[in-house]
$ cat protein.pdb   # PDB, C-alpha atoms
ATOM      1  CA  MET A   1      90.165  52.343 100.001
ATOM      2  CA  ARG A   2      91.082  51.153  96.512
ATOM      3  CA  GLU A   3      93.495  48.450  95.452
ATOM      4  CA  GLY A   4      96.960  49.954  95.660
ATOM      5  CA  ASP A   5      96.129  52.265  98.562
ATOM      6  CA  THR A   6      98.194  51.677 101.669
ATOM      7  CA  ILE A   7      97.573  52.498 105.277
ATOM      8  CA  ASP A   8     100.378  52.185 107.779
ATOM      9  CA  GLU A   9     100.026  52.777 111.498
ATOM     10  CA  THR A  10     102.856  50.645 112.875
ATOM     11  CA  SER A  11     105.925  50.639 110.604
ATOM     12  CA  ASP A  12     109.307  51.452 112.097
ATOM     13  CA  PRO A  13     111.168  54.553 110.892
ATOM     14  CA  VAL A  14     113.074  54.281 107.610
ATOM     15  CA  PRO A  15     116.779  53.841 108.477
ATOM     16  CA  SER A  16     119.427  56.114 106.993
ATOM     17  CA  ALA A  17     121.930  54.674 104.530
ATOM     18  CA  ALA A  18     125.623  55.423 105.081
ATOM     19  CA  GLY A  19     125.984  57.992 102.285
ATOM     20  CA  GLU A  20     122.909  59.899 103.369
ATOM     21  CA  ALA A  21     124.274  60.687 106.807
ATOM     22  CA  ASP A  22     127.034  62.825 105.281
ATOM     23  CA  ASP A  23     124.930  64.468 102.560
ATOM     24  CA  PRO A  24     123.780  67.977 103.540
ATOM     25  CA  GLY A  25     120.838  67.648 101.153
ATOM     26  CA  CYS A  26     119.491  64.736 103.192
ATOM     27  CA  LEU A  27     118.206  64.504 106.728
ATOM     28  CA  ARG A  28     120.963  63.991 109.257
ATOM     29  CA  PRO A  29     120.517  61.451 112.050
ATOM     30  CA  GLY A  30     118.205  62.972 114.665
ATOM     31  CA  GLU A  31     117.386  66.017 112.522
ATOM     32  CA  ALA A  32     113.752  65.058 111.901
ATOM     33  CA  ARG A  33     113.091  64.487 115.586
ATOM     34  CA  ARG A  34     114.566  67.889 116.417
ATOM     35  CA  LEU A  35     112.798  69.799 113.647
ATOM     36  CA  LEU A  36     109.402  68.210 114.207
ATOM     37  CA  ALA A  37     109.414  68.116 117.989
ATOM     38  CA  ARG A  38     106.488  70.581 118.054
ATOM     39  CA  ALA A  39     104.609  69.043 115.118
ATOM     40  CA  PRO A  40     100.958  68.483 116.081
ATOM     41  CA  TRP A  41     100.069  65.941 113.372
ATOM     42  CA  ARG A  42      98.870  62.443 114.173
ATOM     43  CA  ARG A  43      97.309  61.310 110.878
ATOM     44  CA  LEU A  44      99.071  61.832 107.542
ATOM     45  CA  VAL A  45      97.557  61.297 104.093
ATOM     46  CA  VAL A  46      99.375  61.544 100.740
ATOM     47  CA  ILE A  47      97.318  62.176  97.607
ATOM     48  CA  GLY A  48      98.026  63.464  94.121
ATOM     49  CA  ASP A  49      98.673  62.790  90.476
ATOM     50  CA  ILE A  50     102.021  60.959  90.680
ATOM     51  CA  PRO A  51     102.058  57.135  90.540
ATOM     52  CA  VAL A  52     103.090  55.258  93.652
ATOM     53  CA  GLU A  53     106.773  54.302  93.516
ATOM     54  CA  ARG A  54     107.915  51.605  95.880
ATOM     55  CA  SER A  55     111.635  51.764  95.130
ATOM     56  CA  ALA A  56     114.189  54.253  93.860
ATOM     57  CA  GLU A  57     116.783  54.009  91.096
ATOM     58  CA  PRO A  58     119.661  52.363  93.009
ATOM     59  CA  LEU A  59     122.506  54.646  94.052
ATOM     60  CA  ALA A  60     125.326  53.464  96.304
ATOM     61  CA  GLY A  61     125.061  54.848  99.807
ATOM     62  CA  TYR A  62     121.381  55.783  99.552
ATOM     63  CA  GLY A  63     118.344  53.784 100.568
ATOM     64  CA  PRO A  64     115.585  52.723  98.141
ATOM     65  CA  TRP A  65     112.633  54.176 100.044
ATOM     66  CA  PRO A  66     110.322  56.657  98.280
ATOM     67  CA  TRP A  67     110.169  60.205  99.602
ATOM     68  CA  TYR A  68     106.613  60.046 100.955
ATOM     69  CA  ASP A  69     107.391  56.967 103.062
ATOM     70  CA  ARG A  70     110.484  58.774 104.295
ATOM     71  CA  VAL A  71     108.396  61.803 105.307
ATOM     72  CA  ALA A  72     106.015  59.539 107.209
ATOM     73  CA  ALA A  73     108.974  57.920 108.963
ATOM     74  CA  ALA A  74     110.394  61.341 109.846
ATOM     75  CA  LEU A  75     107.074  62.437 111.339
ATOM     76  CA  ARG A  76     106.911  59.166 113.249
ATOM     77  CA  GLU A  77     110.289  59.919 114.807
ATOM     78  CA  ALA A  78     108.626  62.872 116.523
ATOM     79  CA  THR A  79     105.184  61.323 116.954
ATOM     80  CA  ALA A  80     105.051  57.653 117.864
ATOM     81  CA  GLY A  81     102.013  55.895 116.435
ATOM     82  CA  LEU A  82     101.471  58.292 113.530
ATOM     83  CA  ALA A  83      98.799  56.915 111.175
ATOM     84  CA  TYR A  84      99.741  57.116 107.492
ATOM     85  CA  LEU A  85      97.497  56.631 104.464
ATOM     86  CA  ASN A  86      98.986  56.646 100.954
ATOM     87  CA  LEU A  87      96.333  57.172  98.272
ATOM     88  CA  LEU A  88      98.640  57.533  95.274
ATOM     89  CA  GLY A  89      97.580  55.251  92.434
ATOM     90  CA  ARG A  90      99.567  52.770  90.385
ATOM     91  CA  ARG A  91      99.335  55.076  87.368
ATOM     92  CA  GLN A  92      99.510  58.817  86.905
ATOM     93  CA  ALA A  93      96.185  60.446  87.737
ATOM     94  CA  THR A  94      94.566  63.517  86.280
ATOM     95  CA  ALA A  95      93.616  66.461  88.461
ATOM     96  CA  ALA A  96      89.959  65.455  88.164
ATOM     97  CA  GLN A  97      90.740  61.888  89.246
ATOM     98  CA  VAL A  98      92.584  63.127  92.314
ATOM     99  CA  ARG A  99      89.518  65.106  93.342
ATOM    100  CA  SER A 100      86.905  62.457  92.493
ATOM    101  CA  ALA A 101      88.701  59.276  93.588
ATOM    102  CA  GLN A 102      91.279  60.201  96.223
ATOM    103  CA  LEU A 103      89.712  63.171  97.997
ATOM    104  CA  PRO A 104      86.714  61.240  99.413
ATOM    105  CA  ALA A 105      89.044  58.614 100.903
ATOM    106  CA  ALA A 106      91.241  61.328 102.397
ATOM    107  CA  LEU A 107      88.246  63.003 104.011
ATOM    108  CA  ALA A 108      87.005  59.657 105.357
ATOM    109  CA  PHE A 109      90.432  59.073 106.904
ATOM    110  CA  ARG A 110      89.910  62.160 109.093
ATOM    111  CA  GLY A 111      93.564  63.096 109.124
ATOM    112  CA  ASP A 112      95.250  66.326 110.112
ATOM    113  CA  LEU A 113      98.066  66.663 107.531
ATOM    114  CA  ALA A 114      97.737  66.154 103.765
ATOM    115  CA  LEU A 115     100.559  66.177 101.240
ATOM    116  CA  LEU A 116      98.882  66.977  97.925
ATOM    117  CA  CYS A 117     101.243  66.227  95.024
ATOM    118  CA  TRP A 118     100.715  67.979  91.740
ATOM    119  CA  GLY A 119     102.751  67.374  88.586
ATOM    120  CA  SER A 120     102.023  66.721  84.931
ATOM    121  CA  GLY A 121      98.520  65.507  85.810
ATOM    122  CA  TYR A 122      97.678  69.129  86.602
ATOM    123  CA  VAL A 123      99.169  70.509  83.397
ATOM    124  CA  ALA A 124      97.040  70.489  80.258
ATOM    125  CA  ARG A 125      98.801  68.591  77.482
ATOM    126  CA  GLU A 126      97.113  70.097  74.438
ATOM    127  CA  THR A 127      96.427  73.637  75.602
ATOM    128  CA  SER A 128      98.101  76.367  77.592
ATOM    129  CA  ASP A 129      94.852  77.103  79.438
ATOM    130  CA  LEU A 130      95.437  76.188  83.083
ATOM    131  CA  ARG A 131      92.101  77.380  84.454
ATOM    132  CA  GLY A 132      90.682  73.848  84.575
ATOM    133  CA  PRO A 133      93.595  72.268  86.513
ATOM    134  CA  THR A 134      93.700  75.272  88.845
ATOM    135  CA  ALA A 135      89.999  74.893  89.567
ATOM    136  CA  GLU A 136      90.471  71.176  90.269
ATOM    137  CA  LEU A 137      93.326  71.949  92.644
ATOM    138  CA  THR A 138      91.141  74.438  94.486
ATOM    139  CA  ARG A 139      88.265  71.934  94.640
ATOM    140  CA  THR A 140      90.627  69.462  96.283
ATOM    141  CA  VAL A 141      92.345  71.840  98.700
ATOM    142  CA  ALA A 142      89.231  73.617  99.972
ATOM    143  CA  PRO A 143      87.423  70.502 101.314
ATOM    144  CA  LEU A 144      90.614  69.308 102.995
ATOM    145  CA  ARG A 145      91.009  72.658 104.729
ATOM    146  CA  ASP A 146      87.326  72.707 105.685
ATOM    147  CA  ALA A 147      87.798  69.254 107.238
ATOM    148  CA  GLY A 148      90.620  70.550 109.457
ATOM    149  CA  TYR A 149      93.619  69.364 107.459
ATOM    150  CA  ASP A 150      96.867  71.247 107.282
ATOM    151  CA  VAL A 151      97.813  70.958 103.614
ATOM    152  CA  ALA A 152     101.167  71.093 101.835
ATOM    153  CA  LEU A 153     101.030  71.396  98.046
ATOM    154  CA  ILE A 154     103.967  69.371  96.758
ATOM    155  CA  GLY A 155     104.993  70.615  93.323
ATOM    156  CA  LEU A 156     107.094  68.356  91.100
ATOM    157  CA  GLY A 157     108.127  71.357  89.024
ATOM    158  CA  PRO A 158     110.056  71.649  85.757
ATOM    159  CA  ALA A 159     112.834  69.270  86.863
ATOM    160  CA  ALA A 160     110.388  66.364  86.692
ATOM    161  CA  VAL A 161     109.597  66.867  82.997
ATOM    162  CA  ARG A 162     111.029  64.005  80.955
ATOM    163  CA  PRO A 163     113.189  64.530  77.865
ATOM    164  CA  GLY A 164     111.275  64.609  74.590
ATOM    165  CA  PRO A 165     111.289  66.008  71.055
ATOM    166  CA  ALA A 166     113.011  69.334  70.514
ATOM    167  CA  GLY A 167     110.968  72.095  72.064
ATOM    168  CA  ARG A 168     108.466  69.815  73.772
ATOM    169  CA  ARG A 169     110.419  69.469  76.998
ATOM    170  CA  GLU A 170     110.928  73.231  77.184
ATOM    171  CA  GLN A 171     107.215  73.717  76.599
ATOM    172  CA  GLY A 172     106.381  71.207  79.309
ATOM    173  CA  ALA A 173     108.786  72.843  81.738
ATOM    174  CA  GLU A 174     107.240  76.240  81.057
ATOM    175  CA  GLN A 175     103.777  74.801  81.688
ATOM    176  CA  GLN A 176     104.998  73.385  84.996
ATOM    177  CA  ARG A 177     106.391  76.781  85.971
ATOM    178  CA  ARG A 178     103.106  78.491  85.126
ATOM    179  CA  MET A 179     101.131  75.919  87.087
ATOM    180  CA  GLY A 180     103.542  76.428  89.969
ATOM    181  CA  ASP A 181     102.610  80.108  90.058
ATOM    182  CA  ARG A 182      98.939  79.143  90.180
ATOM    183  CA  ALA A 183      99.539  76.555  92.886
ATOM    184  CA  ARG A 184     101.272  79.173  95.020
ATOM    185  CA  ALA A 185      98.291  81.481  94.564
ATOM    186  CA  VAL A 186      95.950  78.673  95.674
ATOM    187  CA  ALA A 187      98.201  78.066  98.691
ATOM    188  CA  VAL A 188      98.046  81.697  99.764
ATOM    189  CA  ARG A 189      94.289  81.849  99.250
ATOM    190  CA  HIS A 190      93.621  78.750 101.363
ATOM    191  CA  GLY A 191      96.371  79.094 103.957
ATOM    192  CA  THR A 192      98.426  76.101 102.855
ATOM    193  CA  LEU A 193     102.114  75.420 102.397
ATOM    194  CA  CYS A 194     103.682  75.157  98.925
ATOM    195  CA  VAL A 195     106.848  73.038  98.517
ATOM    196  CA  ASP A 196     109.049  72.542  95.441
ATOM    197  CA  LEU A 197     110.039  68.876  95.603
ATOM    198  CA  ASP A 198     113.018  69.420  93.278
ATOM    199  CA  PRO A 199     115.003  72.461  94.458
ATOM    200  CA  PRO A 200     117.997  73.550  92.362
ATOM    201  CA  THR A 201     120.326  71.956  94.926
ATOM    202  CA  ALA A 202     118.849  68.479  94.341
ATOM    203  CA  GLU A 203     121.473  67.653  91.695
ATOM    204  CA  SER A 204     124.982  67.398  93.096
ATOM    205  CA  GLY A 205     127.772  66.617  90.664
ATOM    206  CA  GLN A 206     128.136  62.858  90.356
ATOM    207  CA  LEU A 207     125.221  62.240  92.724
ATOM    208  CA  PRO A 208     122.148  62.508  90.482
ATOM    209  CA  ALA A 209     118.643  63.006  91.804
ATOM    210  CA  TRP A 210     117.055  61.350  88.758
ATOM    211  CA  SER A 211     117.678  58.283  86.614
ATOM    212  CA  GLY A 212     119.222  58.882  83.195
ATOM    213  CA  ASP A 213     115.847  58.837  81.415
ATOM    214  CA  ARG A 214     114.257  60.841  84.271
ATOM    215  CA  SER A 215     111.603  58.164  84.696
ATOM    216  CA  ARG A 216     112.161  57.933  88.463
ATOM    217  CA  ARG A 217     114.215  59.418  91.256
ATOM    218  CA  THR A 218     117.417  57.869  92.493
ATOM    219  CA  GLY A 219     117.872  56.946  96.120
ATOM    220  CA  ARG A 220     119.476  60.346  96.631
ATOM    221  CA  GLY A 221     116.615  62.062  94.805
ATOM    222  CA  HIS A 222     114.076  60.540  97.169
ATOM    223  CA  ALA A 223     116.212  61.309 100.230
ATOM    224  CA  VAL A 224     116.651  64.952  99.203
ATOM    225  CA  ALA A 225     112.945  65.290  98.355
ATOM    226  CA  ALA A 226     111.973  63.950 101.779
ATOM    227  CA  ALA A 227     114.396  66.302 103.524
ATOM    228  CA  THR A 228     112.989  69.215 101.517
ATOM    229  CA  VAL A 229     109.435  68.436 102.647
ATOM    230  CA  VAL A 230     110.363  67.815 106.278
ATOM    231  CA  ARG A 231     112.384  71.019 106.512
ATOM    232  CA  ALA A 232     109.599  73.017 104.860
ATOM    233  CA  LEU A 233     107.004  71.606 107.271
ATOM    234  CA  ALA A 234     109.221  72.456 110.225
ATOM    235  CA  ALA A 235     109.897  75.977 108.982
ATOM    236  CA  ALA A 236     106.168  76.592 108.518
ATOM    237  CA  LEU A 237     105.256  75.649 112.077
ATOM    238  CA  PRO A 238     104.194  78.744 113.996
ATOM    239  CA  ALA A 239     105.988  79.860 117.109
ATOM    240  CA  PRO A 240     104.646  77.911 120.093
ATOM    241  CA  THR A 241     101.628  79.545 121.689
ATOM    242  CA  PRO A 242      99.057  78.168 124.140
ATOM    243  CA  GLY A 243      96.266  78.566 121.594
ATOM    244  CA  HIS A 244      97.865  76.833 118.595
ATOM    245  CA  ARG A 245      95.556  74.553 116.661
ATOM    246  CA  HIS A 246      95.723  72.660 113.370
ATOM    247  CA  GLY A 247      95.260  74.734 110.250
ATOM    248  CA  GLN A 248      97.830  77.300 111.229
ATOM    249  CA  LEU A 249     100.742  76.406 108.955
ATOM    250  CA  ARG A 250     102.323  79.569 107.629
ATOM    251  CA  PRO A 251     101.900  79.624 103.834
ATOM    252  CA  GLY A 252     105.128  79.434 101.860
TER     253      GLY A 252
END
$ encode --input "protein.pdb" --output "structure tokens"
Amino acid sequence: MREGDTIDETSDPVPSAAGEADDPGCLRPGEARRLLARAPWRRLVVIGDIPVERSAEPLAGYGPWPWYDRVAAALREATAGLAYLNLLGRRQATAAQVRSAQLPAALAFRGDLALLCWGSGYVARETSDLRGPTAELTRTVAPLRDAGYDVALIGLGPAAVRPGPAGRREQGAEQQRRMGDRARAVAVRHGTLCVDLDPPTAESGQLPAWSGDRSRRTGRGHAVAAATVVRALAAALPAPTPGHRHGQLRPG
């Protein structure tokens, strides 16, 4: 493990703030336990190109916990004693750095569920050629699958692109959309799940999902993102059968 990595095997579930309990975009009390009752996972790892974020932009009625910690807490509601390793760095990583620095630690952890976040670190800044980032994504997903991990590709998508000079934000958003298409193709090829962390319903009137400068999510943004991941994981679980094993998430 590197400085900044966190491993958590004992933390209590993240509590729900008052506003979250009445927000349909967020997990309702008891929802995670119900949705994930059949979840087989016991060891969760989070890797990817986004920097670790220990608190959200404050928003009344919503807790400050980041979405990945919330997902771990939701899984722990269904599986007591879930082990959780967060390998996100303090700074944004490139696709190559995710593969070279985080992947070995994830494999050494010997987990069974990996959330692999991809965002601007997988989008080339100076060229529209996405073959390199796509290859790096494949080189990260394939070893995880070979090691027995169920994998969910967590796409930050166009909504995460920060404002910039005229035309640049639109260009960045288009690049994110194109990379999203490639990520979905990788997911189908390797039997993994693909989740858009920022669905169109994330913004809700006066309850923003992002800070004004879009540098970080609000408390609601993190709560909605966590609910999106948890619901996607639950929906991808196969129907219960006696022979179910890990590695059988239905791609989406």
$ atom_distance --input "protein.pdb" --atom1 "CA of Leu59 in chain A" --atom2 "CA of Gly25 in chain A"
14.9 Å
$ residues_around --input "protein.pdb" --residues "Tyr149 in chain A" --least-positions-apart "2" --cutoff "8 Å" --atoms "all atoms listed in the file" --output "ChimeraX atom specification"
/A:111-114,144-147,151,246-247
$ resolve_selection --input "protein.pdb" --expression "the PyMOL selection byres ((chain A and resi 181-195) around 7)" --output "compact mmCIF listing (two decimals) with C-alpha atoms, in the frame of the given file"
# COMPACT_ATOMS: atom_id res chain seq x y z
CA THR A 134 93.70 75.27 88.84
CA THR A 138 91.14 74.44 94.49
CA ALA A 142 89.23 73.62 99.97
CA ASP A 150 96.87 71.25 107.28
CA VAL A 151 97.81 70.96 103.61
CA ALA A 152 101.17 71.09 101.84
CA LEU A 153 101.03 71.40 98.05
CA ILE A 154 103.97 69.37 96.76
CA GLY A 155 104.99 70.61 93.32
CA ARG A 177 106.39 76.78 85.97
CA ARG A 178 103.11 78.49 85.13
CA MET A 179 101.13 75.92 87.09
CA GLY A 180 103.54 76.43 89.97
CA ASP A 196 109.05 72.54 95.44
CA LEU A 197 110.04 68.88 95.60
CA VAL A 229 109.44 68.44 102.65
CA ALA A 232 109.60 73.02 104.86
CA LEU A 249 100.74 76.41 108.96
CA ARG A 250 102.32 79.57 107.63
CA PRO A 251 101.90 79.62 103.83
CA GLY A 252 105.13 79.43 101.86
$ resolve_selection --input "protein.pdb" --expression "the PyMOL selection byres ((chain A and resi 34) around 12)" --output "PyMOL selection string"
chain A and resi 27-33+35-39+74-75+77-79+230-231+234-235
$ atom_distance --input "protein.pdb" --atom1 "CA of Gly89 in chain A" --atom2 "CA of Leu237 in chain A"
29.3 Å
$ closest_residue --input "protein.pdb" --among "A:Trp210, A:Trp67, A:Trp41, A:Trp118" --to "Ala93 in chain A" --atoms "only C-alpha atoms"
A:Trp118
$ closest_residue --input "protein.pdb" --among "A:Ala83, A:Ala95, A:Ile50, A:Arg76" --to "Arg131 in chain A" --atoms "all atoms listed in the file"
A:Ala95
$ residues_around --input "protein.pdb" --residues "Arg217 in chain A" --least-positions-apart "5" --cutoff "12 Å" --atoms "all atoms listed in the file" --output "PyMOL selection string"
chain A and resi 53-59+62-67+156+159-160+162+197-198+202-203+207-212+222-226
$ closest_residue --input "protein.pdb" --among "A:Ala106, A:Ala73, A:Val98, A:Ala236" --to "Pro133 in chain A" --atoms "all atoms listed in the file"
A:Val98
$ atom_distance --input "protein.pdb" --atom1 "CA of Leu82 in chain A" --atom2 "CA of Cys117 in chain A"
20.1 Å
$ residues_around --input "protein.pdb" --residues "Asp49 in chain A" --least-positions-apart "5" --cutoff "10 Å" --atoms "only C-alpha atoms" --output "list in words"
Leu87, Leu88, Gly89, Arg91, Gln92, Ala93, Thr94, Ala95, Ala96, Gln97, Val98, Arg99, Gln102, Leu116, Cys117, Trp118, Gly119, Ser120, Gly121 and Tyr122 of chain A
$ closest_residue --input "protein.pdb" --among "A:Val123, A:Arg220, A:Pro143, A:Asp213" --to "Ala173 in chain A" --atoms "all atoms listed in the file"
A:Val123
$ residues_around --input "protein.pdb" --residues "Phe109 in chain A" --least-positions-apart "4" --cutoff "9 Å" --atoms "all atoms listed in the file" --output "short mmCIF file (atom, residue, chain, number, x, y, z; two decimals) with C-alpha atoms, keeping the file's coordinate frame"
data_model
loop_
_atom_site.label_atom_id
_atom_site.label_comp_id
_atom_site.auth_asym_id
_atom_site.auth_seq_id
_atom_site.Cartn_x
_atom_site.Cartn_y
_atom_site.Cartn_z
CA ARG A 43 97.31 61.31 110.88
CA VAL A 45 97.56 61.30 104.09
CA LEU A 85 97.50 56.63 104.46
CA PRO A 104 86.71 61.24 99.41
CA ALA A 105 89.04 58.61 100.90
#
